[in-house]
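Text of query_31.pdb, listed as PDB, C-alpha atoms:
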ATOM      1  CA  MET A  56     104.874  56.971  87.865
ATOM      2  CA  PRO A  57     107.412  58.624  85.526
ATOM      3  CA  VAL A  58     107.103  62.303  84.613
ATOM      4  CA  PRO A  59     106.152  62.892  80.947
ATOM      5  CA  PHE A  60     109.046  64.119  78.785
ATOM      6  CA  TRP A  61     107.168  67.201  77.581
ATOM      7  CA  LEU A  62     106.622  68.291  81.209
ATOM      8  CA  LEU A  63     110.364  68.047  81.916
ATOM      9  CA  VAL A  64     111.149  70.117  78.799
ATOM     10  CA  ALA A  65     108.520  72.760  79.676
ATOM     11  CA  GLY A  66     109.763  73.035  83.265
ATOM     12  CA  THR A  67     113.362  73.422  82.116
ATOM     13  CA  CYS A  68     112.375  76.152  79.644
ATOM     14  CA  VAL A  69     110.503  78.100  82.337
ATOM     15  CA  ALA A  70     113.442  77.803  84.749
ATOM     16  CA  LEU A  71     115.900  79.031  82.103
ATOM     17  CA  ALA A  72     113.649  81.945  81.148
ATOM     18  CA  LEU A  73     113.323  83.046  84.785
ATOM     19  CA  ALA A  74     117.087  82.745  85.299
ATOM     20  CA  ALA A  75     117.749  84.866  82.196
ATOM     21  CA  LEU A  76     115.225  87.503  83.320
ATOM     22  CA  THR A  77     116.806  87.685  86.779
ATOM     23  CA  PHE A  78     120.289  87.948  85.297
ATOM     24  CA  THR A  79     119.393  90.747  82.889
ATOM     25  CA  THR A  80     117.299  92.840  85.309
ATOM     26  CA  GLY A  81     118.723  91.978  88.713
ATOM     27  CA  THR A  82     121.219  94.826  88.967
ATOM     28  CA  VAL A  83     119.410  97.634  87.178
ATOM     29  CA  GLN A  84     118.936 100.557  89.572
ATOM     30  CA  ALA A  85     118.646 104.245  88.829
ATOM     31  CA  TYR A  86     118.624 107.270  91.076
ATOM     32  CA  ALA A  87     117.911 110.831  90.070
ATOM     33  CA  LEU A  88     119.605 113.122  92.560
ATOM     34  CA  LEU A  89     117.850 116.455  92.208
ATOM     35  CA  SER A  90     119.202 118.615  95.007
ATOM     36  CA  VAL A  91     121.873 118.195  97.636
ATOM     37  CA  PRO A  92     122.346 120.958 100.213
ATOM     38  CA  THR A  93     126.067 121.707 100.560
ATOM     39  CA  ALA A  94     126.016 122.927 104.176
ATOM     40  CA  THR A  95     125.764 119.427 105.650
ATOM     41  CA  ALA A  96     128.527 116.823 105.568
ATOM     42  CA  PRO A  97     127.886 113.824 103.311
ATOM     43  CA  ALA A  98     126.984 110.450 104.738
ATOM     44  CA  SER A  99     129.811 107.994 105.100
ATOM     45  CA  GLY A 100     129.759 104.244 104.830
ATOM     46  CA  VAL A 101     126.782 103.971 102.474
ATOM     47  CA  THR A 102     127.394 100.842 100.473
ATOM     48  CA  SER A 103     125.746  98.990  97.658
ATOM     49  CA  PRO A 104     124.507  95.449  98.391
ATOM     50  CA  THR A 105     126.531  93.993  95.504
ATOM     51  CA  PRO A 106     129.435  96.372  94.841
ATOM     52  CA  ALA A 107     130.941  94.326  92.011
ATOM     53  CA  LEU A 108     127.712  94.295  89.965
ATOM     54  CA  ALA A 109     125.818  97.416  91.027
ATOM     55  CA  GLN A 110     125.608 100.654  89.108
ATOM     56  CA  PRO A 111     127.751 103.532  90.393
ATOM     57  CA  ASP A 112     126.495 104.620  93.815
ATOM     58  CA  LYS A 113     124.569 107.847  93.283
ATOM     59  CA  THR A 114     123.446 108.069  96.932
ATOM     60  CA  LYS A 115     126.827 107.958  98.684
ATOM     61  CA  ASP A 116     126.831 111.751  99.152
ATOM     62  CA  VAL A 117     123.157 112.068 100.035
ATOM     63  CA  VAL A 118     122.478 114.351 102.983
ATOM     64  CA  PRO A 119     119.302 115.368 104.801
ATOM     65  CA  GLY A 120     117.264 117.534 102.448
ATOM     66  CA  ALA A 121     118.334 115.645  99.322
ATOM     67  CA  GLU A 122     115.608 114.510  96.931
ATOM     68  CA  LEU A 123     115.405 111.355  94.834
ATOM     69  CA  ARG A 124     112.799 110.590  92.192
ATOM     70  CA  GLY A 125     111.761 107.354  90.602
ATOM     71  CA  VAL A 126     109.313 104.472  90.713
ATOM     72  CA  ALA A 127     108.323 102.844  93.992
ATOM     73  CA  SER A 128     106.712  99.455  94.482
ATOM     74  CA  TRP A 129     105.429  97.688  97.590
ATOM     75  CA  TYR A 130     105.773  94.330  99.290
ATOM     76  CA  GLY A 131     103.857  92.648 102.055
ATOM     77  CA  PRO A 132     102.143  89.311 102.706
ATOM     78  CA  HIS A 133     104.883  86.971 101.502
ATOM     79  CA  PHE A 134     107.522  88.688 103.687
ATOM     80  CA  ASP A 135     105.395  89.561 106.744
ATOM     81  CA  GLY A 136     107.131  88.373 109.907
ATOM     82  CA  ARG A 137     110.426  87.559 108.198
ATOM     83  CA  THR A 138     113.722  89.112 109.251
ATOM     84  CA  THR A 139     114.817  92.137 107.209
ATOM     85  CA  ALA A 140     118.399  92.863 106.132
ATOM     86  CA  SER A 141     118.731  95.197 109.136
ATOM     87  CA  GLY A 142     117.819  92.351 111.491
ATOM     88  CA  GLU A 143     114.361  93.684 112.340
ATOM     89  CA  ARG A 144     111.188  91.661 111.873
ATOM     90  CA  PHE A 145     109.195  92.925 108.867
ATOM     91  CA  ASP A 146     105.694  94.185 109.655
ATOM     92  CA  MET A 147     103.783  94.670 106.418
ATOM     93  CA  TYR A 148     101.475  97.174 108.149
ATOM     94  CA  GLY A 149     104.380  99.281 109.462
ATOM     95  CA  LEU A 150     105.793 102.376 107.778
ATOM     96  CA  THR A 151     109.066 101.000 106.445
ATOM     97  CA  ALA A 152     110.843 100.513 103.131
ATOM     98  CA  ALA A 153     113.643  98.686 101.347
ATOM     99  CA  GLN A 154     116.226 100.808  99.534
ATOM    100  CA  SER A 155     119.513  99.733  97.980
ATOM    101  CA  THR A 156     122.052 102.153  99.416
ATOM    102  CA  LEU A 157     120.709 104.456 102.122
ATOM    103  CA  PRO A 158     121.803 103.457 105.655
ATOM    104  CA  PHE A 159     119.387 101.466 107.784
ATOM    105  CA  GLY A 160     117.319 103.725 110.000
ATOM    106  CA  THR A 161     117.266 106.573 107.465
ATOM    107  CA  LYS A 162     113.936 108.405 107.537
ATOM    108  CA  VAL A 163     112.526 109.621 104.237
ATOM    109  CA  ARG A 164     109.324 111.362 103.194
ATOM    110  CA  VAL A 165     107.790 109.675 100.157
ATOM    111  CA  VAL A 166     105.324 111.639  98.023
ATOM    112  CA  ASN A 167     103.161 109.971  95.370
ATOM    113  CA  THR A 168     103.515 112.517  92.548
ATOM    114  CA  ALA A 169     100.161 111.513  90.996
ATOM    115  CA  ASN A 170      97.989 112.310  94.035
ATOM    116  CA  HIS A 171     100.394 114.241  96.320
ATOM    117  CA  LYS A 172      99.772 111.913  99.275
ATOM    118  CA  SER A 173     102.844 111.469 101.473
ATOM    119  CA  VAL A 174     104.191 109.226 104.213
ATOM    120  CA  VAL A 175     107.374 109.127 106.305
ATOM    121  CA  VAL A 176     109.098 105.729 106.306
ATOM    122  CA  ARG A 177     112.248 104.259 107.802
ATOM    123  CA  ILE A 178     114.715 102.191 105.723
ATOM    124  CA  THR A 179     114.911  98.720 107.274
ATOM    125  CA  ASP A 180     115.609  96.416 104.344
ATOM    126  CA  ARG A 181     117.600  96.028 101.122
ATOM    127  CA  GLY A 182     115.717  93.735  98.786
ATOM    128  CA  TYR A 183     115.575  93.316  95.045
ATOM    129  CA  LEU A 184     114.513  96.475  93.194
ATOM    130  CA  PRO A 185     113.957  95.615  89.517
ATOM    131  CA  HIS A 186     113.226  97.870  86.563
ATOM    132  CA  LYS A 187     114.806 101.100  87.870
ATOM    133  CA  ARG A 188     112.720 101.179  91.042
ATOM    134  CA  VAL A 189     114.143 103.353  93.796
ATOM    135  CA  LEU A 190     112.120 102.136  96.771
ATOM    136  CA  ASP A 191     110.096  99.128  97.893
ATOM    137  CA  LEU A 192     107.500 100.209 100.463
ATOM    138  CA  SER A 193     105.730  98.154 103.100
ATOM    139  CA  TYR A 194     102.041  97.531 102.439
ATOM    140  CA  GLY A 195     101.119 100.001 105.219
ATOM    141  CA  ALA A 196     103.147 102.798 103.598
ATOM    142  CA  ALA A 197     101.822 101.984 100.112
ATOM    143  CA  LYS A 198      98.253 102.103 101.426
ATOM    144  CA  LYS A 199      98.826 105.630 102.785
ATOM    145  CA  LEU A 200     100.049 106.639  99.309
ATOM    146  CA  ALA A 201      96.973 105.024  97.661
ATOM    147  CA  MET A 202      99.124 102.817  95.423
ATOM    148  CA  THR A 203      98.288  99.280  96.570
ATOM    149  CA  LYS A 204      95.915  98.513  93.693
ATOM    150  CA  VAL A 205      98.213  99.816  90.964
ATOM    151  CA  GLY A 206     101.364  98.403  92.607
ATOM    152  CA  LEU A 207     103.737 101.073  91.299
ATOM    153  CA  ALA A 208     103.896 104.852  91.624
ATOM    154  CA  GLN A 209     106.138 107.694  90.551
ATOM    155  CA  VAL A 210     107.487 109.151  93.793
ATOM    156  CA  LYS A 211     109.590 111.957  95.160
ATOM    157  CA  ILE A 212     111.735 110.930  98.134
ATOM    158  CA  GLU A 213     113.095 113.529 100.543
ATOM    159  CA  VAL A 214     115.813 112.414 102.961
ATOM    160  CA  LEU A 215     114.810 113.681 106.410
ATOM    161  CA  GLN A 216     117.387 112.021 108.668
ATOM    162  CA  LEU A 217     120.224 109.636 107.908
ATOM    163  CA  GLY A 218     120.426 106.395 109.857
ATOM    164  CA  GLU A 219     123.541 104.854 111.309
ATOM    165  CA  ALA A 220     125.915 103.750 108.543
ATOM    166  CA  HIS A 221     127.456 100.970 110.651
ATOM    167  CA  GLY A 222     124.288  98.901 110.268
ATOM    168  CA  THR A 223     124.486  98.577 106.489
ATOM    169  CA  ARG A 224     125.306  95.267 104.873
TER     170      ARG A 224
END
Conversion result in structure tokens:
Amino acid sequence: MPVPFWLLVAGTCVALALAALTFTTGTVQAYALLSVPTATAPASGVTSPTPALAQPDKTKDVVPGAELRGVASWYGPHFDGRTTASGERFDMYGLTAAQSTLPFGTKVRVVNTANHKSVVVRITDRGYLPHKRVLDLSYGAAKKLAMTKVGLAQVKIEVLQLGEAHGTR
């Protein structure tokens, strides 16, 4: 049975619209570096996942004690059990996060600025962070911040301990 012409046209339009949206928002990332202690040496080897297209790397000199602010989102069921960019298996109930430039294994404290709840997470994934988001939290971490229903939250991120730079991709 042949597919109706109008269905082919509608499907093509949807595909083109999604491609245009991905192209225009796929590389938008923003970081607000608020404080960087000068007594500690900067991290080396922090890279952006797509150096040719990414915004200038504002986290390359981040050291323990540095703070970032921005919007965080969360991810879970669709990725549960899949392999992360660091090679680990993603556990949606774990306390992990995806971030664009911090080395894998970096531990950060994330504070939901609306309710002041906090959680410590480890960076294990890269992922796609649209619309100026600075962090994509696992479901378990988002639940501790009471942001699973809303989906997004303004957060303050404090770098506690840098991970090994050699594991970045």
Between A:Thr156, A:Gly182, A:Gly120, A:Ala169, which one has atoms that come closest to A:Thr139, using all atoms listed in the file?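 For A:Thr139, the nearest of the given residues is A:Gly182.
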Might you spell out which residues the PyMOL selection byres ((chain A and resi 141-154) around 7) would select in the displayed file, as a list in words?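 Taken over the shown coordinates, the PyMOL selection byres ((chain A and resi 141-154) around 7) returns Gly131, Pro132, Phe134, Asp135, Gly136, Arg137, Thr138, Thr139, Ala140, Ser155, Thr156, Leu157, Phe159, Val176, Arg177, Ile178, Thr179, Asp180, Arg181, Gly182, Val189, Leu190, Asp191, Leu192, Ser193, Tyr194, Gly195, Ala196 and Gly222 of chain A.
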Expected residue set, 10 Å radius at (97.7, 105.3, 97.6), all atoms listed in the file, as a list in words: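 Residues with an atom close enough to that point: Val166, Asn167, Ala169, Asn170, His171, Lys172, Ser173, Gly195, Ala196, Ala197, Lys198, Lys199, Leu200, Ala201, Met202, Thr203, Lys204, Val205, Gly206, Leu207 and Ala208 of chain A.
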Using Å and a single decimal, report how far atom CA of A:Glu219 sits from atom CA of A:Val126.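 Distance between the two atoms: 25.0 Å.
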How far is it from atom CA of A:Gln209 to atom CA of A:Val165, in Å with one decimal?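 Those two atoms sit 9.9 Å apart.
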Please identify all polymer residues within 9 Å of A:Val214, counting only C-alpha atoms, omitting same-chain residues fewer than 4 positions from it, and present them as an MDAnalysis selection string. chainID A and resid 117:123 161:165
Atom CA of A:Glu213 and atom CA of A:Ser128 are how many Å apart?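 Value for the atom CA of A:Glu213-atom CA of A:Ser128 distance: 16.6 Å.
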Which residues match the PyMOL selection byres ((chain A and resi 188) around 7) in the file above, as JSON, numbers by chain? {"A": [84, 125, 126, 127, 184, 185, 186, 187, 189, 190]}
Work out where the centre of an axis-aligned box around every listed atom of stretch 166-172 of chain A lies and how long its edges are once 3 Å is added on each side; give both in Å to one decimal as lines of an AutoDock Vina configuration file.
center_x = 101.7
center_y = 112.1
center_z = 95.1
size_x = 13.3
size_y = 10.3
size_z = 14.3
